[in-house]
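Participant: Quick one, my_file_22.txt (compact mmCIF, N, CA and C atoms and all ligand atoms):
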```txt
# COMPACT_ATOMS: atom_id res chain seq x y z
N MET A 966 -136.75 -11.61 109.74
CA MET A 966 -137.36 -12.75 109.05
C MET A 966 -138.88 -12.55 108.96
N VAL A 967 -139.43 -12.82 107.79
CA VAL A 967 -140.87 -12.67 107.60
C VAL A 967 -141.59 -13.79 108.34
N SER A 968 -142.66 -13.42 109.06
CA SER A 968 -143.39 -14.40 109.84
C SER A 968 -144.32 -15.24 108.97
N ALA A 969 -144.47 -16.50 109.37
CA ALA A 969 -145.40 -17.39 108.65
C ALA A 969 -146.84 -16.99 108.92
N ASP A 970 -147.05 -15.96 109.79
CA ASP A 970 -148.41 -15.45 110.03
C ASP A 970 -149.05 -14.95 108.74
N ILE A 971 -148.23 -14.63 107.75
CA ILE A 971 -148.77 -14.17 106.47
C ILE A 971 -149.75 -15.20 105.90
N LEU A 972 -149.46 -16.47 106.13
CA LEU A 972 -150.36 -17.51 105.63
C LEU A 972 -151.72 -17.45 106.32
N GLU A 973 -151.68 -17.14 107.64
CA GLU A 973 -152.94 -17.00 108.39
C GLU A 973 -153.74 -15.82 107.84
N ARG A 974 -153.06 -14.69 107.65
CA ARG A 974 -153.76 -13.50 107.18
C ARG A 974 -154.29 -13.70 105.76
N LEU A 975 -153.45 -14.29 104.91
CA LEU A 975 -153.87 -14.51 103.53
C LEU A 975 -155.05 -15.47 103.48
N SER A 976 -155.00 -16.50 104.32
CA SER A 976 -156.08 -17.47 104.37
C SER A 976 -157.40 -16.79 104.77
N ALA A 977 -157.32 -15.89 105.76
CA ALA A 977 -158.52 -15.16 106.20
C ALA A 977 -159.04 -14.27 105.08
N THR A 978 -158.12 -13.63 104.35
CA THR A 978 -158.54 -12.77 103.23
C THR A 978 -159.21 -13.60 102.14
N LEU A 979 -158.63 -14.76 101.84
CA LEU A 979 -159.21 -15.61 100.80
C LEU A 979 -160.63 -16.04 101.20
N ALA A 980 -160.82 -16.35 102.48
CA ALA A 980 -162.16 -16.76 102.95
C ALA A 980 -163.15 -15.61 102.77
N GLN A 981 -162.70 -14.38 103.06
CA GLN A 981 -163.59 -13.21 102.89
C GLN A 981 -163.97 -13.01 101.43
N ARG A 982 -163.04 -13.33 100.53
CA ARG A 982 -163.28 -13.08 99.10
C ARG A 982 -164.33 -14.01 98.50
N ARG A 983 -164.70 -15.05 99.21
CA ARG A 983 -165.70 -15.98 98.67
C ARG A 983 -167.03 -15.27 98.43
N ASP A 984 -167.34 -14.27 99.28
CA ASP A 984 -168.61 -13.55 99.15
C ASP A 984 -168.43 -12.15 98.57
N ALA A 985 -167.22 -11.87 98.09
CA ALA A 985 -166.95 -10.50 97.61
C ALA A 985 -167.40 -10.32 96.16
N ASP A 986 -167.52 -9.06 95.77
CA ASP A 986 -167.92 -8.69 94.41
C ASP A 986 -166.79 -9.04 93.44
N PRO A 987 -167.05 -9.91 92.44
CA PRO A 987 -165.99 -10.33 91.51
C PRO A 987 -165.40 -9.18 90.70
N SER A 988 -166.12 -8.06 90.63
CA SER A 988 -165.63 -6.95 89.81
C SER A 988 -164.56 -6.13 90.53
N VAL A 989 -164.42 -6.32 91.84
CA VAL A 989 -163.47 -5.48 92.58
C VAL A 989 -162.30 -6.27 93.18
N SER A 990 -162.30 -7.58 93.00
CA SER A 990 -161.26 -8.40 93.64
C SER A 990 -160.78 -9.50 92.69
N TYR A 991 -159.47 -9.60 92.52
CA TYR A 991 -158.89 -10.65 91.68
C TYR A 991 -159.30 -12.04 92.18
N VAL A 992 -159.20 -12.23 93.51
CA VAL A 992 -159.50 -13.54 94.08
C VAL A 992 -160.98 -13.88 93.95
N ALA A 993 -161.84 -12.88 94.24
CA ALA A 993 -163.29 -13.12 94.11
C ALA A 993 -163.64 -13.48 92.66
N LYS A 994 -162.97 -12.81 91.72
CA LYS A 994 -163.22 -13.09 90.30
C LYS A 994 -162.81 -14.53 89.96
N LEU A 995 -161.67 -14.95 90.52
CA LEU A 995 -161.18 -16.30 90.25
C LEU A 995 -162.12 -17.35 90.86
N PHE A 996 -162.57 -17.10 92.10
CA PHE A 996 -163.55 -18.00 92.72
C PHE A 996 -164.80 -18.10 91.86
N HIS A 997 -165.23 -16.93 91.37
CA HIS A 997 -166.45 -16.85 90.57
C HIS A 997 -166.31 -17.65 89.26
N LYS A 998 -165.12 -17.59 88.67
CA LYS A 998 -164.89 -18.32 87.41
C LYS A 998 -164.92 -19.83 87.63
N GLY A 999 -164.47 -20.27 88.80
CA GLY A 999 -164.58 -21.68 89.13
C GLY A 999 -163.30 -22.50 89.00
N THR A 1000 -163.49 -23.80 89.20
CA THR A 1000 -162.36 -24.73 89.32
C THR A 1000 -161.41 -24.70 88.12
N ASP A 1001 -161.97 -24.77 86.91
CA ASP A 1001 -161.10 -24.84 85.73
C ASP A 1001 -160.19 -23.61 85.61
N ALA A 1002 -160.74 -22.44 85.92
CA ALA A 1002 -159.94 -21.21 85.83
C ALA A 1002 -158.83 -21.22 86.88
N ILE A 1003 -159.14 -21.70 88.07
CA ILE A 1003 -158.13 -21.77 89.13
C ILE A 1003 -157.04 -22.77 88.74
N LEU A 1004 -157.46 -23.93 88.24
CA LEU A 1004 -156.47 -24.95 87.83
C LEU A 1004 -155.59 -24.44 86.70
N LYS A 1005 -156.18 -23.65 85.79
CA LYS A 1005 -155.40 -23.08 84.69
C LYS A 1005 -154.30 -22.18 85.24
N LYS A 1006 -154.65 -21.35 86.23
CA LYS A 1006 -153.65 -20.46 86.83
C LYS A 1006 -152.56 -21.28 87.53
N VAL A 1007 -152.95 -22.31 88.25
CA VAL A 1007 -151.95 -23.14 88.94
C VAL A 1007 -150.98 -23.75 87.93
N GLY A 1008 -151.53 -24.25 86.82
CA GLY A 1008 -150.68 -24.84 85.78
C GLY A 1008 -149.74 -23.81 85.17
N GLU A 1009 -150.28 -22.63 84.87
CA GLU A 1009 -149.45 -21.57 84.26
C GLU A 1009 -148.33 -21.16 85.21
N GLU A 1010 -148.68 -20.99 86.48
CA GLU A 1010 -147.66 -20.54 87.45
C GLU A 1010 -146.60 -21.62 87.66
N ALA A 1011 -147.00 -22.88 87.60
CA ALA A 1011 -146.02 -23.97 87.74
C ALA A 1011 -145.02 -23.93 86.59
N VAL A 1012 -145.52 -23.70 85.38
CA VAL A 1012 -144.63 -23.60 84.21
C VAL A 1012 -143.69 -22.41 84.36
N GLU A 1013 -144.22 -21.29 84.88
CA GLU A 1013 -143.39 -20.10 85.06
C GLU A 1013 -142.30 -20.34 86.12
N VAL A 1014 -142.60 -21.15 87.12
CA VAL A 1014 -141.58 -21.52 88.11
C VAL A 1014 -140.44 -22.28 87.43
N VAL A 1015 -140.82 -23.24 86.58
CA VAL A 1015 -139.81 -24.04 85.88
C VAL A 1015 -138.94 -23.13 85.01
N MET A 1016 -139.57 -22.21 84.28
CA MET A 1016 -138.81 -21.33 83.39
C MET A 1016 -137.87 -20.42 84.19
N ALA A 1017 -138.35 -19.88 85.32
CA ALA A 1017 -137.50 -19.01 86.14
C ALA A 1017 -136.32 -19.78 86.71
N ALA A 1018 -136.56 -21.02 87.11
CA ALA A 1018 -135.47 -21.84 87.65
C ALA A 1018 -134.43 -22.11 86.58
N LYS A 1019 -134.90 -22.38 85.36
CA LYS A 1019 -133.99 -22.64 84.24
C LYS A 1019 -133.15 -21.41 83.92
N ASP A 1020 -133.76 -20.22 84.07
CA ASP A 1020 -133.05 -18.97 83.77
C ASP A 1020 -132.02 -18.63 84.84
N GLY A 1021 -132.15 -19.24 86.00
CA GLY A 1021 -131.17 -19.01 87.06
C GLY A 1021 -131.28 -17.66 87.74
N GLU A 1022 -132.46 -17.01 87.59
CA GLU A 1022 -132.67 -15.70 88.23
C GLU A 1022 -133.35 -15.90 89.59
N GLN A 1023 -132.64 -15.65 90.67
CA GLN A 1023 -133.19 -15.96 91.99
C GLN A 1023 -134.44 -15.15 92.32
N LEU A 1024 -134.40 -13.83 92.03
CA LEU A 1024 -135.56 -13.00 92.37
C LEU A 1024 -136.79 -13.43 91.57
N ALA A 1025 -136.57 -13.71 90.29
CA ALA A 1025 -137.69 -14.16 89.44
C ALA A 1025 -138.25 -15.48 89.97
N LEU A 1026 -137.35 -16.37 90.40
CA LEU A 1026 -137.78 -17.66 90.92
C LEU A 1026 -138.64 -17.48 92.17
N VAL A 1027 -138.18 -16.61 93.08
CA VAL A 1027 -138.96 -16.37 94.31
C VAL A 1027 -140.34 -15.81 93.96
N ARG A 1028 -140.38 -14.88 93.02
CA ARG A 1028 -141.67 -14.27 92.65
C ARG A 1028 -142.61 -15.29 92.01
N GLU A 1029 -142.07 -16.15 91.17
CA GLU A 1029 -142.92 -17.16 90.52
C GLU A 1029 -143.39 -18.21 91.51
N VAL A 1030 -142.51 -18.58 92.46
CA VAL A 1030 -142.95 -19.53 93.49
C VAL A 1030 -144.05 -18.90 94.36
N ALA A 1031 -143.91 -17.59 94.64
CA ALA A 1031 -144.96 -16.89 95.41
C ALA A 1031 -146.27 -16.92 94.64
N ASP A 1032 -146.22 -16.70 93.33
CA ASP A 1032 -147.44 -16.78 92.51
C ASP A 1032 -148.04 -18.19 92.57
N LEU A 1033 -147.16 -19.20 92.50
CA LEU A 1033 -147.65 -20.58 92.54
C LEU A 1033 -148.26 -20.91 93.91
N TRP A 1034 -147.56 -20.54 94.99
CA TRP A 1034 -148.10 -20.78 96.33
C TRP A 1034 -149.46 -20.10 96.47
N PHE A 1035 -149.50 -18.83 96.03
CA PHE A 1035 -150.74 -18.05 96.16
C PHE A 1035 -151.90 -18.77 95.45
N HIS A 1036 -151.66 -19.20 94.22
CA HIS A 1036 -152.76 -19.81 93.47
C HIS A 1036 -153.12 -21.20 94.01
N THR A 1037 -152.16 -21.90 94.59
CA THR A 1037 -152.52 -23.18 95.22
C THR A 1037 -153.33 -22.92 96.50
N LEU A 1038 -153.06 -21.80 97.18
CA LEU A 1038 -153.87 -21.44 98.36
C LEU A 1038 -155.30 -21.12 97.93
N VAL A 1039 -155.45 -20.45 96.78
CA VAL A 1039 -156.78 -20.17 96.25
C VAL A 1039 -157.48 -21.50 95.94
N LEU A 1040 -156.74 -22.42 95.33
CA LEU A 1040 -157.30 -23.74 94.99
C LEU A 1040 -157.76 -24.49 96.25
N LEU A 1041 -156.90 -24.45 97.29
CA LEU A 1041 -157.27 -25.11 98.54
C LEU A 1041 -158.55 -24.49 99.11
N ALA A 1042 -158.59 -23.14 99.15
CA ALA A 1042 -159.76 -22.44 99.71
C ALA A 1042 -161.02 -22.79 98.92
N HIS A 1043 -160.87 -22.90 97.62
CA HIS A 1043 -162.02 -23.23 96.76
C HIS A 1043 -162.55 -24.63 97.08
N ASN A 1044 -161.68 -25.48 97.63
CA ASN A 1044 -162.08 -26.84 97.99
C ASN A 1044 -162.32 -27.00 99.49
N GLY A 1045 -162.50 -25.87 100.19
CA GLY A 1045 -162.79 -25.93 101.63
C GLY A 1045 -161.60 -26.33 102.47
N LEU A 1046 -160.40 -26.13 101.94
CA LEU A 1046 -159.16 -26.50 102.65
C LEU A 1046 -158.31 -25.24 102.85
N SER A 1047 -157.18 -25.39 103.58
CA SER A 1047 -156.29 -24.24 103.76
C SER A 1047 -154.86 -24.73 103.93
N HIS A 1048 -153.95 -23.77 104.09
CA HIS A 1048 -152.54 -24.10 104.31
C HIS A 1048 -152.38 -25.02 105.52
N GLU A 1049 -153.30 -24.90 106.50
CA GLU A 1049 -153.18 -25.73 107.71
C GLU A 1049 -153.28 -27.22 107.38
N ASP A 1050 -154.10 -27.55 106.39
CA ASP A 1050 -154.22 -28.96 106.00
C ASP A 1050 -152.92 -29.46 105.39
N VAL A 1051 -152.25 -28.60 104.62
CA VAL A 1051 -150.98 -28.99 104.00
C VAL A 1051 -149.88 -29.09 105.07
N LEU A 1052 -149.87 -28.11 106.01
CA LEU A 1052 -148.87 -28.16 107.08
C LEU A 1052 -149.05 -29.41 107.94
N ALA A 1053 -150.31 -29.78 108.17
CA ALA A 1053 -150.57 -31.00 108.96
C ALA A 1053 -150.05 -32.23 108.23
N GLU A 1054 -150.21 -32.24 106.90
CA GLU A 1054 -149.71 -33.38 106.12
C GLU A 1054 -148.18 -33.44 106.16
N LEU A 1055 -147.52 -32.26 106.05
CA LEU A 1055 -146.06 -32.24 106.12
C LEU A 1055 -145.58 -32.68 107.50
N ALA A 1056 -146.30 -32.24 108.55
CA ALA A 1056 -145.93 -32.64 109.91
C ALA A 1056 -146.09 -34.14 110.09
N ARG A 1057 -147.15 -34.68 109.48
CA ARG A 1057 -147.37 -36.13 109.56
C ARG A 1057 -146.20 -36.88 108.92
N ARG A 1058 -145.73 -36.36 107.77
CA ARG A 1058 -144.63 -37.02 107.06
C ARG A 1058 -143.33 -36.92 107.83
N GLU A 1059 -143.17 -35.80 108.57
CA GLU A 1059 -141.95 -35.60 109.35
C GLU A 1059 -141.79 -36.70 110.40
N GLY A 1060 -142.94 -37.22 110.84
CA GLY A 1060 -142.91 -38.20 111.91
C GLY A 1060 -142.67 -39.62 111.46
N ILE A 1061 -142.57 -39.82 110.13
CA ILE A 1061 -142.34 -41.19 109.65
C ILE A 1061 -141.15 -41.21 108.71
N SER A 1062 -140.47 -42.34 108.65
CA SER A 1062 -139.27 -42.43 107.82
C SER A 1062 -139.64 -42.51 106.35
N GLY A 1063 -138.66 -42.35 105.47
CA GLY A 1063 -138.90 -42.43 104.03
C GLY A 1063 -139.50 -43.75 103.61
N ILE A 1064 -139.02 -44.82 104.20
CA ILE A 1064 -139.53 -46.15 103.84
C ILE A 1064 -141.00 -46.27 104.24
N GLU A 1065 -141.31 -45.81 105.49
CA GLU A 1065 -142.70 -45.88 105.94
C GLU A 1065 -143.59 -44.99 105.09
N GLU A 1066 -143.03 -43.84 104.67
CA GLU A 1066 -143.80 -42.90 103.85
C GLU A 1066 -144.21 -43.58 102.54
N LYS A 1067 -143.26 -44.29 101.90
CA LYS A 1067 -143.59 -44.96 100.64
C LYS A 1067 -144.69 -46.00 100.84
N ALA A 1068 -144.58 -46.74 101.94
CA ALA A 1068 -145.58 -47.76 102.23
C ALA A 1068 -146.95 -47.12 102.45
N SER A 1069 -146.93 -45.98 103.18
CA SER A 1069 -148.18 -45.28 103.48
C SER A 1069 -148.83 -44.76 102.21
N ARG A 1070 -148.01 -44.25 101.28
CA ARG A 1070 -148.55 -43.72 100.02
C ARG A 1070 -149.17 -44.83 99.18
N LYS A 1071 -148.54 -46.00 99.20
CA LYS A 1071 -149.06 -47.11 98.39
C LYS A 1071 -150.45 -47.53 98.87
N GLN A 1072 -150.67 -47.38 100.21
CA GLN A 1072 -151.98 -47.77 100.76
C GLN A 1072 -153.07 -46.78 100.41
N ASP A 1073 -152.70 -45.48 100.12
CA ASP A 1073 -153.70 -44.44 99.86
C ASP A 1073 -154.44 -44.69 98.53
N1 LIG B 1 -150.84 -12.61 96.94
C1 LIG B 1 -151.62 -12.24 96.06
C2 LIG B 1 -151.29 -12.38 94.67
N2 LIG B 1 -150.22 -12.92 94.06
C3 LIG B 1 -150.47 -12.82 92.74
N3 LIG B 1 -151.66 -12.22 92.52
C4 LIG B 1 -152.30 -11.92 91.24
O1 LIG B 1 -152.21 -13.07 90.44
C5 LIG B 1 -152.12 -12.69 89.10
C6 LIG B 1 -150.93 -13.43 88.52
O2 LIG B 1 -151.22 -13.77 87.27
P1 LIG B 1 -150.23 -13.37 86.08
O3 LIG B 1 -148.84 -13.24 86.57
O4 LIG B 1 -150.49 -14.40 85.04
O5 LIG B 1 -150.75 -11.94 85.71
P2 LIG B 1 -152.07 -11.56 84.91
O6 LIG B 1 -151.81 -11.70 83.46
O7 LIG B 1 -152.47 -10.19 85.42
O8 LIG B 1 -153.13 -12.66 85.38
P3 LIG B 1 -154.56 -12.97 84.71
O9 LIG B 1 -155.42 -11.73 84.93
O10 LIG B 1 -154.34 -13.29 83.27
O11 LIG B 1 -155.08 -14.15 85.48
C7 LIG B 1 -151.94 -11.16 89.04
O12 LIG B 1 -153.15 -10.53 88.68
C8 LIG B 1 -151.57 -10.84 90.47
O13 LIG B 1 -152.03 -9.56 90.88
C9 LIG B 1 -152.21 -11.95 93.70
N4 LIG B 1 -153.41 -11.38 94.02
C10 LIG B 1 -153.71 -11.24 95.32
N5 LIG B 1 -152.85 -11.66 96.35
C11 LIG B 1 -153.27 -11.56 97.77
O14 LIG B 1 -154.66 -11.77 97.85
C12 LIG B 1 -155.24 -10.70 98.54
C13 LIG B 1 -156.63 -10.43 97.99
O15 LIG B 1 -156.50 -9.96 96.67
P4 LIG B 1 -157.77 -9.30 95.92
O16 LIG B 1 -158.79 -10.34 95.79
O17 LIG B 1 -157.25 -8.79 94.61
O18 LIG B 1 -158.25 -8.16 96.81
C14 LIG B 1 -154.29 -9.50 98.40
O19 LIG B 1 -154.39 -8.65 99.47
C15 LIG B 1 -152.94 -10.20 98.39
O20 LIG B 1 -152.53 -10.43 99.74
```
With the file now loaded, output its structure as structure tokens.

Facilitator:
Amino acid sequence: MVSADILERLSATLAQRRDADPSVSYVAKLFHKGTDAILKKVGEEAVEVVMAAKDGEQLALVREVADLWFHTLVLLAHNGLSHEDVLAELARREGISGIEEKASRKQD
């Protein structure tokens, strides 16, 4: 089984890319282009996930979800956040029932 440590390593790499030369790194180039370019990639990858799911190709679906996860991690890093913030939110939700979750969301 692949370890979730990949998220830790990827997160560290993304942080390093903030100061990297945009000409030699895909991520550094995306950071350099800014928020709109990152959001465009997230939107494109989300659409590709939907198309892969509709096609019923499991390998394609996994690859497109990996692209989507990757680009959302770039988006989080660009906003000073990481996978840890999302995991903390999921853990918070695990501790409350569906009814409480709905009430909590309404208050946000
Ligand atoms: N996990 C990924 C990863 N997943 C997808 N991609 C890139 O995301 C892009 C996906 O976009 P598309 O499928 O639309 O392909 P494309 O047409 O080439 O994309 P565009 O150039 O049009 O944006 C491709 O260029 C992929 O190479 C990734 N690029 C990098 N990583 C990780 O990020 C690390 C740092 O990458 P660099 O910054 O390139 O060193 C790497 O070591 C990897 O671990």

Participant: For the alpha helix (DSSP H) assignment from backbone DSSP, which residues of region 966-1061 of chain A qualify? Please present them as a ChimeraX atom specification.

Facilitator: /A:970-982,991-998,1000-1020,1023-1043,1048-1059

Participant: 6 Å from ligand LIG 1 (chain B) is the threshold here; counting only N, CA and C atoms and all ligand atoms, which polymer residues fall inside it? Answer as a PyMOL selection string.

Facilitator: chain A and resi 975+978+989-993+1031-1032+1035

Participant: Atom C of Asp1001 (chain A) and atom N of Arg983 (chain A), how far apart in Å?

Facilitator: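 Atom C of Asp1001 (chain A) lies 16.7 Å from atom N of Arg983 (chain A).
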
Participant: Residues within 8 Å of (-138.9, -18.9, 88.6), file coordinates, counting only C-alpha atoms: what are they? Give the list as an mmCIF file with N, CA and C atoms, in the coordinates of the input.

Facilitator:
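What follows is the written file selection15.cif:
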```
data_model
loop_
_atom_site.group_PDB
_atom_site.id
_atom_site.type_symbol
_atom_site.label_atom_id
_atom_site.label_comp_id
_atom_site.auth_asym_id
_atom_site.auth_seq_id
_atom_site.Cartn_x
_atom_site.Cartn_y
_atom_site.Cartn_z
ATOM 1 N N GLU A 1013 -144.220 -21.290 84.880
ATOM 2 C CA GLU A 1013 -143.390 -20.100 85.060
ATOM 3 C C GLU A 1013 -142.300 -20.340 86.120
ATOM 4 N N VAL A 1014 -142.600 -21.150 87.120
ATOM 5 C CA VAL A 1014 -141.580 -21.520 88.110
ATOM 6 C C VAL A 1014 -140.440 -22.280 87.430
ATOM 7 N N VAL A 1015 -140.820 -23.240 86.580
ATOM 8 C CA VAL A 1015 -139.810 -24.040 85.880
ATOM 9 C C VAL A 1015 -138.940 -23.130 85.010
ATOM 10 N N MET A 1016 -139.570 -22.210 84.280
ATOM 11 C CA MET A 1016 -138.810 -21.330 83.390
ATOM 12 C C MET A 1016 -137.870 -20.420 84.190
ATOM 13 N N ALA A 1017 -138.350 -19.880 85.320
ATOM 14 C CA ALA A 1017 -137.500 -19.010 86.140
ATOM 15 C C ALA A 1017 -136.320 -19.780 86.710
ATOM 16 N N ALA A 1018 -136.560 -21.020 87.110
ATOM 17 C CA ALA A 1018 -135.470 -21.840 87.650
ATOM 18 C C ALA A 1018 -134.430 -22.110 86.580
ATOM 19 N N LYS A 1019 -134.900 -22.380 85.360
ATOM 20 C CA LYS A 1019 -133.990 -22.640 84.240
ATOM 21 C C LYS A 1019 -133.150 -21.410 83.920
ATOM 22 N N ASP A 1020 -133.760 -20.220 84.070
ATOM 23 C CA ASP A 1020 -133.050 -18.970 83.770
ATOM 24 C C ASP A 1020 -132.020 -18.630 84.840
ATOM 25 N N GLY A 1021 -132.150 -19.240 86.000
ATOM 26 C CA GLY A 1021 -131.170 -19.010 87.060
ATOM 27 C C GLY A 1021 -131.280 -17.660 87.740
ATOM 28 N N GLU A 1022 -132.460 -17.010 87.590
ATOM 29 C CA GLU A 1022 -132.670 -15.700 88.230
ATOM 30 C C GLU A 1022 -133.350 -15.900 89.590
ATOM 31 N N GLN A 1023 -132.640 -15.650 90.670
ATOM 32 C CA GLN A 1023 -133.190 -15.960 91.990
ATOM 33 C C GLN A 1023 -134.440 -15.150 92.320
ATOM 34 N N LEU A 1024 -134.400 -13.830 92.030
ATOM 35 C CA LEU A 1024 -135.560 -13.000 92.370
ATOM 36 C C LEU A 1024 -136.790 -13.430 91.570
ATOM 37 N N ALA A 1025 -136.570 -13.710 90.290
ATOM 38 C CA ALA A 1025 -137.690 -14.160 89.440
ATOM 39 C C ALA A 1025 -138.250 -15.480 89.970
ATOM 40 N N LEU A 1026 -137.350 -16.370 90.400
ATOM 41 C CA LEU A 1026 -137.780 -17.660 90.920
ATOM 42 C C LEU A 1026 -138.640 -17.480 92.170
ATOM 43 N N VAL A 1027 -138.180 -16.610 93.080
ATOM 44 C CA VAL A 1027 -138.960 -16.370 94.310
ATOM 45 C C VAL A 1027 -140.340 -15.810 93.960
ATOM 46 N N ARG A 1028 -140.380 -14.880 93.020
ATOM 47 C CA ARG A 1028 -141.670 -14.270 92.650
ATOM 48 C C ARG A 1028 -142.610 -15.290 92.010
ATOM 49 N N GLU A 1029 -142.070 -16.150 91.170
ATOM 50 C CA GLU A 1029 -142.920 -17.160 90.520
ATOM 51 C C GLU A 1029 -143.390 -18.210 91.510
ATOM 52 N N VAL A 1030 -142.510 -18.580 92.460
ATOM 53 C CA VAL A 1030 -142.950 -19.530 93.490
ATOM 54 C C VAL A 1030 -144.050 -18.900 94.360
#
```

Participant: In Å to one decimal, how far is CA of Leu1041 (chain A) from CA of Leu995 (chain A)?

Facilitator: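 Between CA of Leu995 (chain A) and CA of Leu1041 (chain A) the gap is 12.7 Å.
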
Participant: Mind giving me the axis-aligned box for region 973-977 of chain A with 8 Å on every side, centre plus edges in Å to one decimal, as JSON?

Facilitator:
```
{"center_x": -155.4, "center_y": -15.5, "center_z": 105.9, "size_x": 23.4, "size_y": 20.0, "size_z": 20.9}
```

Participant: From the options A:Leu972, A:Lys994, A:Ala985, A:Trp1034, which residue's atoms come nearest to Val1007 (chain A), counting only N, CA and C atoms?

Facilitator: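 Answer, going by the shortest atom-to-atom distance: A:Trp1034.
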
Participant: What separation in Å, quoted to one decimal, exists between CA of Thr1000 (chain A) and atom N of Leu1038 (chain A)?

Facilitator: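 Interatomic distance here is 12.5 Å.
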